[in-house]
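One file, target16.cif, carrying mmCIF, C-alpha atoms:
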```
data_work
#
loop_
_atom_site.label_atom_id
_atom_site.label_comp_id
_atom_site.auth_asym_id
_atom_site.auth_seq_id
_atom_site.Cartn_x
_atom_site.Cartn_y
_atom_site.Cartn_z
CA MET A 1 100.14 54.51 60.20
CA GLU A 2 97.79 56.95 58.60
CA ILE A 3 98.54 57.66 54.99
CA ILE A 4 98.06 61.24 54.00
CA THR A 5 97.39 61.93 50.37
CA ILE A 6 98.04 65.38 49.07
CA PRO A 7 95.83 66.21 46.11
CA GLN A 8 97.27 68.01 43.06
CA ILE A 9 100.86 67.07 43.88
CA GLN A 10 102.42 64.35 41.85
CA VAL A 11 105.91 63.18 42.61
CA SER A 12 107.27 62.40 39.17
CA LEU A 13 110.96 61.99 39.85
CA PRO A 14 112.64 60.02 42.59
CA ALA A 15 115.88 61.33 44.08
CA THR A 16 118.47 61.20 41.32
CA ALA A 17 121.92 59.71 41.43
CA SER A 18 123.64 62.71 39.85
CA LEU A 19 123.20 66.17 38.43
CA ALA A 20 124.08 64.79 34.99
CA THR A 21 120.88 62.74 34.86
CA LEU A 22 118.90 66.00 35.00
CA VAL A 23 120.44 67.40 31.81
CA GLY A 24 117.99 67.46 28.90
CA ASN A 25 114.34 66.42 28.74
CA THR A 26 113.34 70.06 28.83
CA PRO A 27 109.77 71.25 28.24
CA LEU A 28 108.45 72.35 24.83
CA ILE A 29 106.20 75.36 25.38
CA PRO A 30 103.75 76.90 22.86
CA LEU A 31 103.75 80.67 22.40
CA HIS A 32 100.27 82.18 22.59
CA ARG A 33 99.98 85.92 22.87
CA VAL A 34 102.96 87.04 20.78
CA THR A 35 101.72 84.72 18.03
CA SER A 36 98.06 85.71 18.18
CA ARG A 37 98.08 87.04 14.59
CA LEU A 38 99.19 83.75 13.09
CA SER A 39 96.95 81.40 11.13
CA PRO A 40 95.10 79.13 13.62
CA ASP A 41 96.80 76.12 12.04
CA VAL A 42 100.29 77.43 12.77
CA GLN A 43 102.03 76.86 16.09
CA VAL A 44 105.32 78.19 17.42
CA LEU A 45 106.85 75.96 20.10
CA VAL A 46 109.92 76.79 22.16
CA LYS A 47 112.34 74.41 23.80
CA ALA A 48 112.82 75.78 27.33
CA GLU A 49 116.50 75.10 27.85
CA TRP A 50 116.86 77.11 31.04
CA PHE A 51 115.33 74.07 32.79
CA ASN A 52 118.73 72.38 32.58
CA PRO A 53 120.55 72.24 35.95
CA GLY A 54 123.26 74.71 34.86
CA GLY A 55 120.59 77.07 33.54
CA SER A 56 121.20 76.80 29.81
CA ILE A 57 121.28 74.57 26.74
CA LYS A 58 125.05 74.37 27.15
CA ASP A 59 124.70 71.63 29.77
CA ARG A 60 124.05 69.22 26.90
CA PRO A 61 127.31 69.74 24.95
CA ALA A 62 129.33 70.32 28.13
CA LEU A 63 128.16 66.99 29.56
CA ASN A 64 128.92 65.14 26.35
CA ILE A 65 132.34 66.76 25.99
CA LEU A 66 133.18 65.91 29.63
CA ARG A 67 131.94 62.33 29.38
CA THR A 68 133.76 61.73 26.09
CA ALA A 69 137.02 63.17 27.43
CA LEU A 70 136.77 61.19 30.68
CA ALA A 71 136.03 58.01 28.72
CA ASP A 72 138.87 58.36 26.19
CA GLY A 73 141.42 59.46 28.79
CA SER A 74 141.87 63.05 27.51
CA LEU A 75 140.94 64.35 30.97
CA SER A 76 143.12 61.94 32.93
CA ASN A 77 146.02 62.64 35.28
CA GLY A 78 144.40 65.59 36.98
CA LYS A 79 144.30 67.68 33.79
CA LYS A 80 142.15 70.79 33.82
CA LEU A 81 139.43 71.34 31.28
CA LEU A 82 140.27 74.48 29.26
CA ASP A 83 138.04 76.39 26.85
CA SER A 84 136.94 79.81 25.70
CA THR A 85 133.36 80.86 26.26
CA SER A 86 130.90 83.72 26.07
CA GLY A 87 129.51 82.60 29.42
CA ASN A 88 126.92 79.84 29.24
CA MET A 89 129.27 77.06 28.11
CA GLY A 90 131.64 78.10 30.87
CA ILE A 91 128.85 77.92 33.44
CA ALA A 92 127.91 74.46 32.17
CA TYR A 93 131.53 73.24 32.32
CA ALA A 94 131.97 74.71 35.80
CA THR A 95 128.68 73.26 37.09
CA LEU A 96 129.27 69.75 35.77
CA GLY A 97 133.02 69.95 36.39
CA ALA A 98 132.34 70.67 40.07
CA ALA A 99 129.95 67.71 40.20
CA PHE A 100 132.49 65.41 38.47
CA GLY A 101 135.54 66.68 40.39
CA VAL A 102 137.13 68.16 37.25
CA ARG A 103 138.88 71.52 37.52
CA VAL A 104 137.92 74.08 34.90
CA THR A 105 139.88 77.00 33.39
CA LEU A 106 138.02 79.39 31.11
CA ALA A 107 138.95 82.34 28.94
CA LEU A 108 136.29 84.93 28.33
CA PRO A 109 136.34 88.58 27.31
CA ALA A 110 136.78 90.93 30.26
CA ASN A 111 133.53 92.73 29.40
CA ALA A 112 131.41 89.64 30.17
CA SER A 113 128.52 90.63 32.41
CA ARG A 114 129.18 90.89 36.14
CA GLU A 115 126.61 88.17 36.78
CA ARG A 116 128.44 85.72 34.55
CA ILE A 117 131.85 86.35 36.06
CA LYS A 118 130.42 86.02 39.58
CA ILE A 119 128.59 82.77 38.76
CA LEU A 120 131.74 81.26 37.22
CA ARG A 121 133.85 82.23 40.24
CA ALA A 122 131.17 80.92 42.63
CA LEU A 123 131.38 77.55 40.86
CA GLY A 124 135.13 77.46 41.38
CA ALA A 125 136.26 78.06 37.78
CA GLU A 126 139.63 79.67 37.15
CA LEU A 127 139.13 82.64 34.80
CA ILE A 128 141.40 84.25 32.23
CA LEU A 129 139.86 87.58 31.23
CA THR A 130 140.86 88.53 27.70
CA ASP A 131 140.93 91.74 25.65
CA PRO A 132 137.34 93.01 25.23
CA LEU A 133 138.20 94.43 21.80
CA GLU A 134 139.03 90.97 20.48
CA GLY A 135 135.73 89.37 21.63
CA THR A 136 135.27 85.60 21.94
CA ASP A 137 137.55 84.95 18.96
CA GLY A 138 140.31 86.63 20.98
CA ALA A 139 139.53 84.40 23.98
CA MET A 140 139.72 81.40 21.65
CA ARG A 141 143.20 82.41 20.45
CA VAL A 142 144.38 82.73 24.07
CA VAL A 143 143.24 79.21 25.01
CA ARG A 144 144.67 77.71 21.83
CA GLN A 145 148.06 79.13 22.72
CA LEU A 146 147.83 78.00 26.35
CA ALA A 147 146.77 74.48 25.31
CA ALA A 148 149.67 74.28 22.84
CA GLU A 149 152.17 75.48 25.44
CA GLN A 150 151.02 73.27 28.32
CA PRO A 151 149.42 70.10 26.89
CA GLU A 152 150.32 68.14 30.03
CA ARG A 153 148.30 70.54 32.16
CA TYR A 154 145.18 71.15 30.09
CA PHE A 155 142.56 69.26 28.11
CA TYR A 156 141.44 71.77 25.46
CA ALA A 157 137.70 71.07 25.20
CA ASN A 158 137.31 73.29 22.08
CA GLN A 159 133.54 73.64 21.93
CA TYR A 160 133.73 75.19 18.46
CA ASP A 161 135.35 72.19 16.81
CA ASN A 162 134.68 69.25 19.17
CA PRO A 163 132.14 66.89 17.51
CA ALA A 164 130.88 65.90 20.98
CA ASN A 165 129.19 69.34 20.95
CA TRP A 166 126.82 68.78 18.00
CA GLN A 167 126.54 65.07 18.79
CA ALA A 168 124.95 65.97 22.14
CA HIS A 169 122.11 67.64 20.25
CA TYR A 170 121.88 64.77 17.78
CA ALA A 171 121.54 62.36 20.69
CA THR A 172 119.21 64.36 22.95
CA THR A 173 117.70 67.65 21.74
CA GLY A 174 116.73 66.26 18.32
CA PRO A 175 114.99 63.11 19.61
CA GLU A 176 113.18 65.12 22.30
CA ILE A 177 111.79 67.55 19.72
CA LEU A 178 110.68 64.72 17.45
CA GLN A 179 108.86 63.02 20.34
CA GLN A 180 107.40 66.18 21.84
CA THR A 181 105.90 67.25 18.51
CA MET A 182 104.91 63.67 17.67
CA GLY A 183 106.75 64.15 14.40
CA GLU A 184 104.57 67.13 13.42
CA ILE A 185 107.43 69.67 13.33
CA THR A 186 107.70 71.35 9.91
CA HIS A 187 110.30 74.07 10.61
CA PHE A 188 113.28 74.18 12.95
CA VAL A 189 114.85 77.52 13.84
CA ALA A 190 118.10 77.88 15.79
CA GLY A 191 120.52 80.68 16.59
CA MET A 192 124.15 80.20 15.62
CA GLY A 193 126.89 80.41 18.24
CA THR A 194 129.03 77.31 17.95
CA THR A 195 126.28 76.03 15.56
CA GLY A 196 126.13 72.81 17.61
CA THR A 197 122.36 72.98 18.18
CA LEU A 198 121.63 73.74 14.52
CA THR A 199 123.93 70.97 13.27
CA GLY A 200 122.94 68.22 15.71
CA VAL A 201 119.18 68.77 15.83
CA SER A 202 118.84 69.25 12.05
CA SER A 203 120.91 66.14 11.29
CA TYR A 204 118.77 64.01 13.58
CA LEU A 205 115.38 65.37 12.51
CA ARG A 206 116.12 65.15 8.77
CA GLU A 207 116.68 61.41 9.09
CA TYR A 208 112.98 61.10 9.98
CA LEU A 209 111.59 64.21 8.31
CA PRO A 210 113.49 64.79 5.05
CA HIS A 211 111.29 67.76 4.13
CA LEU A 212 111.97 69.64 7.36
CA GLN A 213 112.83 73.28 6.74
CA VAL A 214 115.75 74.59 8.78
CA ALA A 215 116.48 78.25 9.46
CA ALA A 216 119.61 79.57 11.13
CA VAL A 217 119.54 82.87 13.01
CA GLN A 218 122.42 85.32 13.14
CA PRO A 219 122.93 89.00 13.97
CA ASP A 220 122.33 91.45 11.11
CA GLY A 221 125.89 92.75 11.23
CA PRO A 222 129.32 92.15 12.72
CA PHE A 223 128.80 94.65 15.58
CA HIS A 224 125.71 93.69 17.55
CA GLY A 225 124.24 93.08 21.00
CA LEU A 226 123.00 89.53 20.52
CA GLU A 227 125.11 87.92 23.20
CA GLY A 228 125.75 84.27 22.49
CA LEU A 229 125.15 84.57 18.74
CA LYS A 230 127.83 84.91 16.09
CA HIS A 231 127.87 86.82 12.84
CA LEU A 232 129.57 84.01 10.98
CA ALA A 233 130.86 86.00 8.02
CA SER A 234 133.03 88.12 10.34
CA SER A 235 133.96 85.46 12.93
CA ILE A 236 136.15 82.41 13.15
CA ARG A 237 133.89 79.74 11.65
CA PRO A 238 133.22 76.71 13.89
CA GLY A 239 134.93 73.60 12.54
CA PHE A 240 131.77 71.51 12.25
CA TYR A 241 129.57 74.18 10.67
CA ASP A 242 128.19 73.02 7.35
CA PRO A 243 126.61 75.93 5.45
CA SER A 244 124.39 73.49 3.54
CA VAL A 245 122.51 72.58 6.77
CA PRO A 246 120.21 75.62 6.97
CA ASP A 247 117.78 76.17 4.11
CA ARG A 248 117.92 79.83 4.96
CA VAL A 249 119.72 82.23 7.29
CA ILE A 250 117.59 84.89 8.96
CA GLU A 251 119.33 88.01 10.19
CA VAL A 252 117.87 89.71 13.25
CA SER A 253 118.69 93.19 14.52
CA THR A 254 119.64 93.66 18.14
CA GLU A 255 116.80 96.14 18.56
CA ALA A 256 114.20 93.62 17.29
CA ALA A 257 115.57 90.90 19.60
CA TYR A 258 115.52 93.24 22.63
CA SER A 259 111.94 94.18 21.87
CA MET A 260 110.95 90.50 21.59
CA VAL A 261 112.70 89.66 24.90
CA ARG A 262 110.52 92.26 26.63
CA LYS A 263 107.36 90.98 24.91
CA LEU A 264 108.12 87.38 25.87
CA ALA A 265 108.53 88.41 29.50
CA GLN A 266 105.49 90.65 29.65
CA GLN A 267 103.07 88.81 27.36
CA GLU A 268 104.06 85.16 27.79
CA GLY A 269 105.66 85.06 31.24
CA LEU A 270 108.85 83.78 29.62
CA PHE A 271 111.78 85.66 31.15
CA VAL A 272 114.50 84.67 28.72
CA GLY A 273 117.88 85.81 27.42
CA ILE A 274 118.71 87.87 24.36
CA SER A 275 119.42 84.96 22.01
CA SER A 276 115.95 83.60 22.80
CA GLY A 277 114.47 86.93 21.69
CA ALA A 278 116.34 86.63 18.38
CA ALA A 279 115.18 83.02 17.95
CA ALA A 280 111.55 83.97 18.64
CA GLN A 281 111.74 86.91 16.23
CA ALA A 282 112.97 84.63 13.43
CA ALA A 283 110.53 81.80 14.27
CA ILE A 284 107.56 84.18 14.22
CA GLN A 285 108.77 85.68 10.93
CA ILE A 286 108.71 82.21 9.39
CA ALA A 287 105.37 81.33 11.00
CA GLU A 288 103.78 84.50 9.56
CA GLY A 289 104.41 83.14 6.08
CA LEU A 290 102.63 79.84 6.73
CA THR A 291 99.01 78.75 6.63
CA GLN A 292 99.80 75.49 8.35
CA GLY A 293 102.81 74.22 10.26
CA VAL A 294 104.66 73.61 13.49
CA VAL A 295 107.68 75.86 13.98
CA VAL A 296 110.06 74.84 16.75
CA THR A 297 112.84 77.00 18.11
CA VAL A 298 115.20 76.86 21.05
CA PHE A 299 115.38 79.32 23.95
CA PRO A 300 118.94 78.82 25.23
CA ASP A 301 118.69 80.48 28.64
CA ALA A 302 116.70 82.59 31.10
CA GLY A 303 116.96 86.34 31.53
CA TYR A 304 118.66 86.57 34.91
CA LYS A 305 122.17 86.92 33.54
CA TYR A 306 121.18 89.97 31.50
CA LEU A 307 119.58 92.05 34.24
CA SER A 308 122.54 94.42 34.41
CA ASP A 309 122.08 95.23 30.70
CA ASP A 310 120.46 98.64 30.94
CA ALA A 311 120.10 98.84 27.16
CA LEU A 312 117.71 95.88 27.40
CA TRP A 313 115.82 96.58 30.59
CA GLY A 314 116.43 100.31 31.14
CA ALA A 315 118.24 101.82 34.07
CA GLY A 316 115.02 102.43 36.01
CA GLU A 317 114.43 101.39 39.60
CA MET B 1 143.93 114.18 20.17
CA PRO B 2 141.81 111.48 21.86
CA THR B 3 142.21 107.93 20.56
CA LEU B 4 139.30 105.66 19.67
CA ARG B 5 140.06 101.96 20.02
CA ILE B 6 138.19 99.90 17.42
CA PRO B 7 137.05 96.31 18.10
CA THR B 8 137.78 93.52 15.62
CA PRO B 9 134.26 93.38 14.08
CA LEU B 10 134.41 97.07 13.12
CA ARG B 11 137.91 97.11 11.66
CA ALA B 12 136.52 96.15 8.27
CA TYR B 13 135.11 99.70 8.21
CA THR B 14 138.31 101.46 9.39
CA THR B 15 140.61 99.99 6.74
CA GLY B 16 141.84 97.54 9.35
CA GLN B 17 142.95 100.17 11.86
CA SER B 18 142.62 99.18 15.53
CA GLU B 19 143.05 102.75 16.74
CA VAL B 20 141.96 106.02 15.20
CA GLN B 21 142.95 109.45 16.51
CA VAL B 22 140.18 112.02 16.23
CA GLU B 23 139.53 115.58 17.31
CA GLY B 24 136.73 116.06 19.82
CA ALA B 25 136.08 117.71 23.18
CA THR B 26 133.26 115.25 23.94
CA VAL B 27 132.46 111.64 23.11
CA SER B 28 129.79 112.84 20.70
CA GLU B 29 132.23 115.07 18.79
CA ALA B 30 134.84 112.32 18.67
CA LEU B 31 132.30 109.86 17.23
CA ASP B 32 131.14 112.44 14.67
CA ASN B 33 134.72 112.95 13.57
CA LEU B 34 135.36 109.20 13.48
CA ILE B 35 132.35 108.76 11.20
CA ALA B 36 133.51 111.67 9.04
CA ILE B 37 136.77 109.75 8.44
CA HIS B 38 135.12 106.32 8.15
CA PRO B 39 131.48 106.87 7.03
CA ALA B 40 130.76 103.11 6.67
CA LEU B 41 130.80 102.88 10.48
CA LYS B 42 127.69 104.99 10.89
CA PRO B 43 124.89 102.41 10.52
CA HIS B 44 126.71 100.15 12.97
CA LEU B 45 126.79 102.82 15.66
CA TYR B 46 123.71 104.98 15.09
CA SER B 47 120.06 104.19 14.37
CA ASP B 48 118.13 105.78 11.50
CA SER B 49 116.88 108.32 14.03
CA GLU B 50 120.49 109.34 14.75
CA GLU B 51 120.54 107.80 18.23
CA LEU B 52 123.40 105.68 19.46
CA ARG B 53 122.27 102.05 19.05
CA PRO B 54 121.39 100.51 22.42
CA PHE B 55 124.15 97.90 22.47
CA VAL B 56 126.98 100.31 21.66
CA ASN B 57 129.16 100.52 24.74
CA LEU B 58 131.98 103.05 24.98
CA PHE B 59 134.46 102.81 27.81
CA LEU B 60 136.72 105.60 29.05
CA GLY B 61 139.22 103.67 31.13
CA GLU B 62 137.14 101.35 33.30
CA GLU B 63 133.98 103.47 33.07
CA ASN B 64 131.12 103.02 30.64
CA ILE B 65 130.21 106.49 29.35
CA LYS B 66 126.57 105.61 30.15
CA GLU B 67 127.60 105.93 33.81
CA LEU B 68 129.40 109.24 33.15
CA GLN B 69 127.69 111.92 31.07
CA GLY B 70 126.82 109.75 28.08
CA LEU B 71 127.66 111.27 24.70
CA ALA B 72 128.32 114.60 26.45
CA THR B 73 131.19 113.10 28.47
CA PRO B 74 134.19 115.43 28.03
CA LEU B 75 137.41 114.07 26.53
CA LYS B 76 140.99 115.14 27.17
CA SER B 77 143.57 115.01 24.41
CA ASP B 78 145.27 111.91 25.85
CA ASP B 79 142.04 109.97 26.54
CA ARG B 80 141.58 106.53 25.02
CA LEU B 81 137.98 105.64 24.30
CA MET B 82 137.17 101.98 23.67
CA LEU B 83 134.23 100.72 21.56
CA VAL B 84 133.41 97.40 23.18
CA PRO B 85 131.61 94.62 21.28
CA SER B 86 129.08 92.29 22.85
CA ILE B 87 130.16 88.76 23.60
CA ALA B 88 129.38 86.44 20.74
CA GLY B 89 128.77 82.77 20.45
CA GLY B 90 129.16 79.86 22.85
#
```
How does this structure look as structure tokens?
Amino acid sequence: MEIITIPQIQVSLPATASLATLVGNTPLIPLHRVTSRLSPDVQVLVKAEWFNPGGSIKDRPALNILRTALADGSLSNGKKLLDSTSGNMGIAYATLGAAFGVRVTLALPANASRERIKILRALGAELILTDPLEGTDGAMRVVRQLAAEQPERYFYANQYDNPANWQAHYATTGPEILQQTMGEITHFVAGMGTTGTLTGVSSYLREYLPHLQVAAVQPDGPFHGLEGLKHLASSIRPGFYDPSVPDRVIEVSTEAAYSMVRKLAQQEGLFVGISSGAAAQAAIQIAEGLTQGVVVTVFPDAGYKYLSDDALWGAGE
Amino acid sequence: MPTLRIPTPLRAYTTGQSEVQVEGATVSEALDNLIAIHPALKPHLYSDSEELRPFVNLFLGEENIKELQGLATPLKSDDRLMLVPSIAGG
């Protein structure tokens, strides 16, 4: 038989046994053009979390929460996984739940984007749409009540308080960043939603790099357009959030994040979501104050789920 | 008088009220009157250049006013206008 070799194509991964094995090990990508004014000895690197099979960083905590609950029996007897979500965690639960044969019920505010609701329904999730005026905290109250009323029917995954959330980042995202930067990271910047990424990655990295500087990113006020991020002072605080973890908290305006999202798409070829724009804005702000350093941040998802947001992309054709 | 429904994050600026009744024949007039009663709301809704901030979504029933006539959308006395927050965290 003649063997044909195809140049330039390298098969790096054999067929995998499950979707779960593809979670994590995401690329770390340097920014170039939007950081062109920085000192030449300063780099900004972004963890490209949309490479996860469910399309966002939330695959990591969702997988760990599912595995932990399956292992300790919390998800036994045909119970449904129940949680509140702003979208991405729900998509991760629904994606991995479908792959594991676990049924998923999610509460999210009724004003979630059309794309998100359609994706969740396509993946077979049962949705409870809650009062838009109450936001994700309102959705959380609805699932807490449902879980208390019907404990035999639901496993309340509780992403805001479940330690399996931040532990996923301690076990995967943190070690990946340490390896990918060969220990050269000097600053870690993460947006705060559940604060799982901030908590888990910082805890891991500080064991090896005690002088690491950590910055948390949040919206600059309680009413904002930074989907996925929380203004902690005016929200229900996640149970595992430790305010001593970040050395500083950087507040980003919605307008600045929108502008950065457009720059990342048009100047870097990185078509990312709004929280990535906020993370980049904060990371670059830190990098501008350095003469030397490696600033790493996390881009939680891609931009596809925000295309219907005319405030971000305009209503043009 | 039209009613403006206030989301949780903004109730700190409306002395905790979830609904405020305001005069106004258009969305713009209703917002002006809302801000006249509760001036601390202004920077959350309008930019320094007096434009509605891009993420501020106002719904009249099921319709976003951006898909009606924007700030010029007329209001009837029994209309309920909802200020909808973005979806935060997780």
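Taking all atoms listed in the file into account, Pro300 (chain A) lies nearest to A:Asn52 out of the set A:Gln266, A:Ser39, A:Asn165, A:Asn52.
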**Message:** Considering all atoms listed in the file, can you say which of A:Tyr241, A:Phe51, A:Trp166, A:Phe100 comes closest to Ala216 (chain A)?
**Reply:**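 That would be A:Tyr241, the residue with the smallest distance to Ala216 (chain A).
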**Request:** Name the residues captured by the PyMOL selection byres ((chain A) within 9 of (chain B)) when it is applied to the shown file; answer as JSON, numbers by chain.
**Result:** {"A": [58, 84, 85, 86, 87, 88, 89, 90, 108, 109, 111, 112, 132, 133, 134, 135, 136, 137, 159, 160, 192, 193, 194, 195, 221, 222, 223, 224, 225, 226, 227, 228, 229, 230, 231, 234, 235, 254, 255, 309, 310, 311, 312]}
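Considering only C-alpha atoms, the residue among A:Leu66, A:Val217, A:Leu198, A:Ala233 positioned nearest to Val245 (chain A) is A:Leu198.
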**Fill in**
Here CA of Gly101 (chain A) and CA of Arg60 (chain A) stand apart by 17.9 Å
**Prompt:** Rounded to one decimal in Å, what is the spacing between CA of Glu51 (chain B) and CA of Leu4 (chain B)?
**Reply:**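 Distance reported for this atom pair: 18.9 Å.
If all atoms listed in the file are the atoms counted, then among B:Leu81, B:Thr14, B:Gln69, B:Tyr46 the closest residue to Asp32 (chain B) is B:Tyr46.
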**Asked** Could you state the separation of CA of Gly196 (chain A) and CA of Val34 (chain A) in Å, given to one decimal place?
**Response**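 Computing the Euclidean distance for CA of Gly196 (chain A) and CA of Val34 (chain A) yields 27.4 Å.
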**Request:** Between A:Val249, A:Val295, A:Ala280, A:Ala107, single out the one closest to Gln145 (chain A), counting all atoms listed in the file.
**Result:** A:Ala107
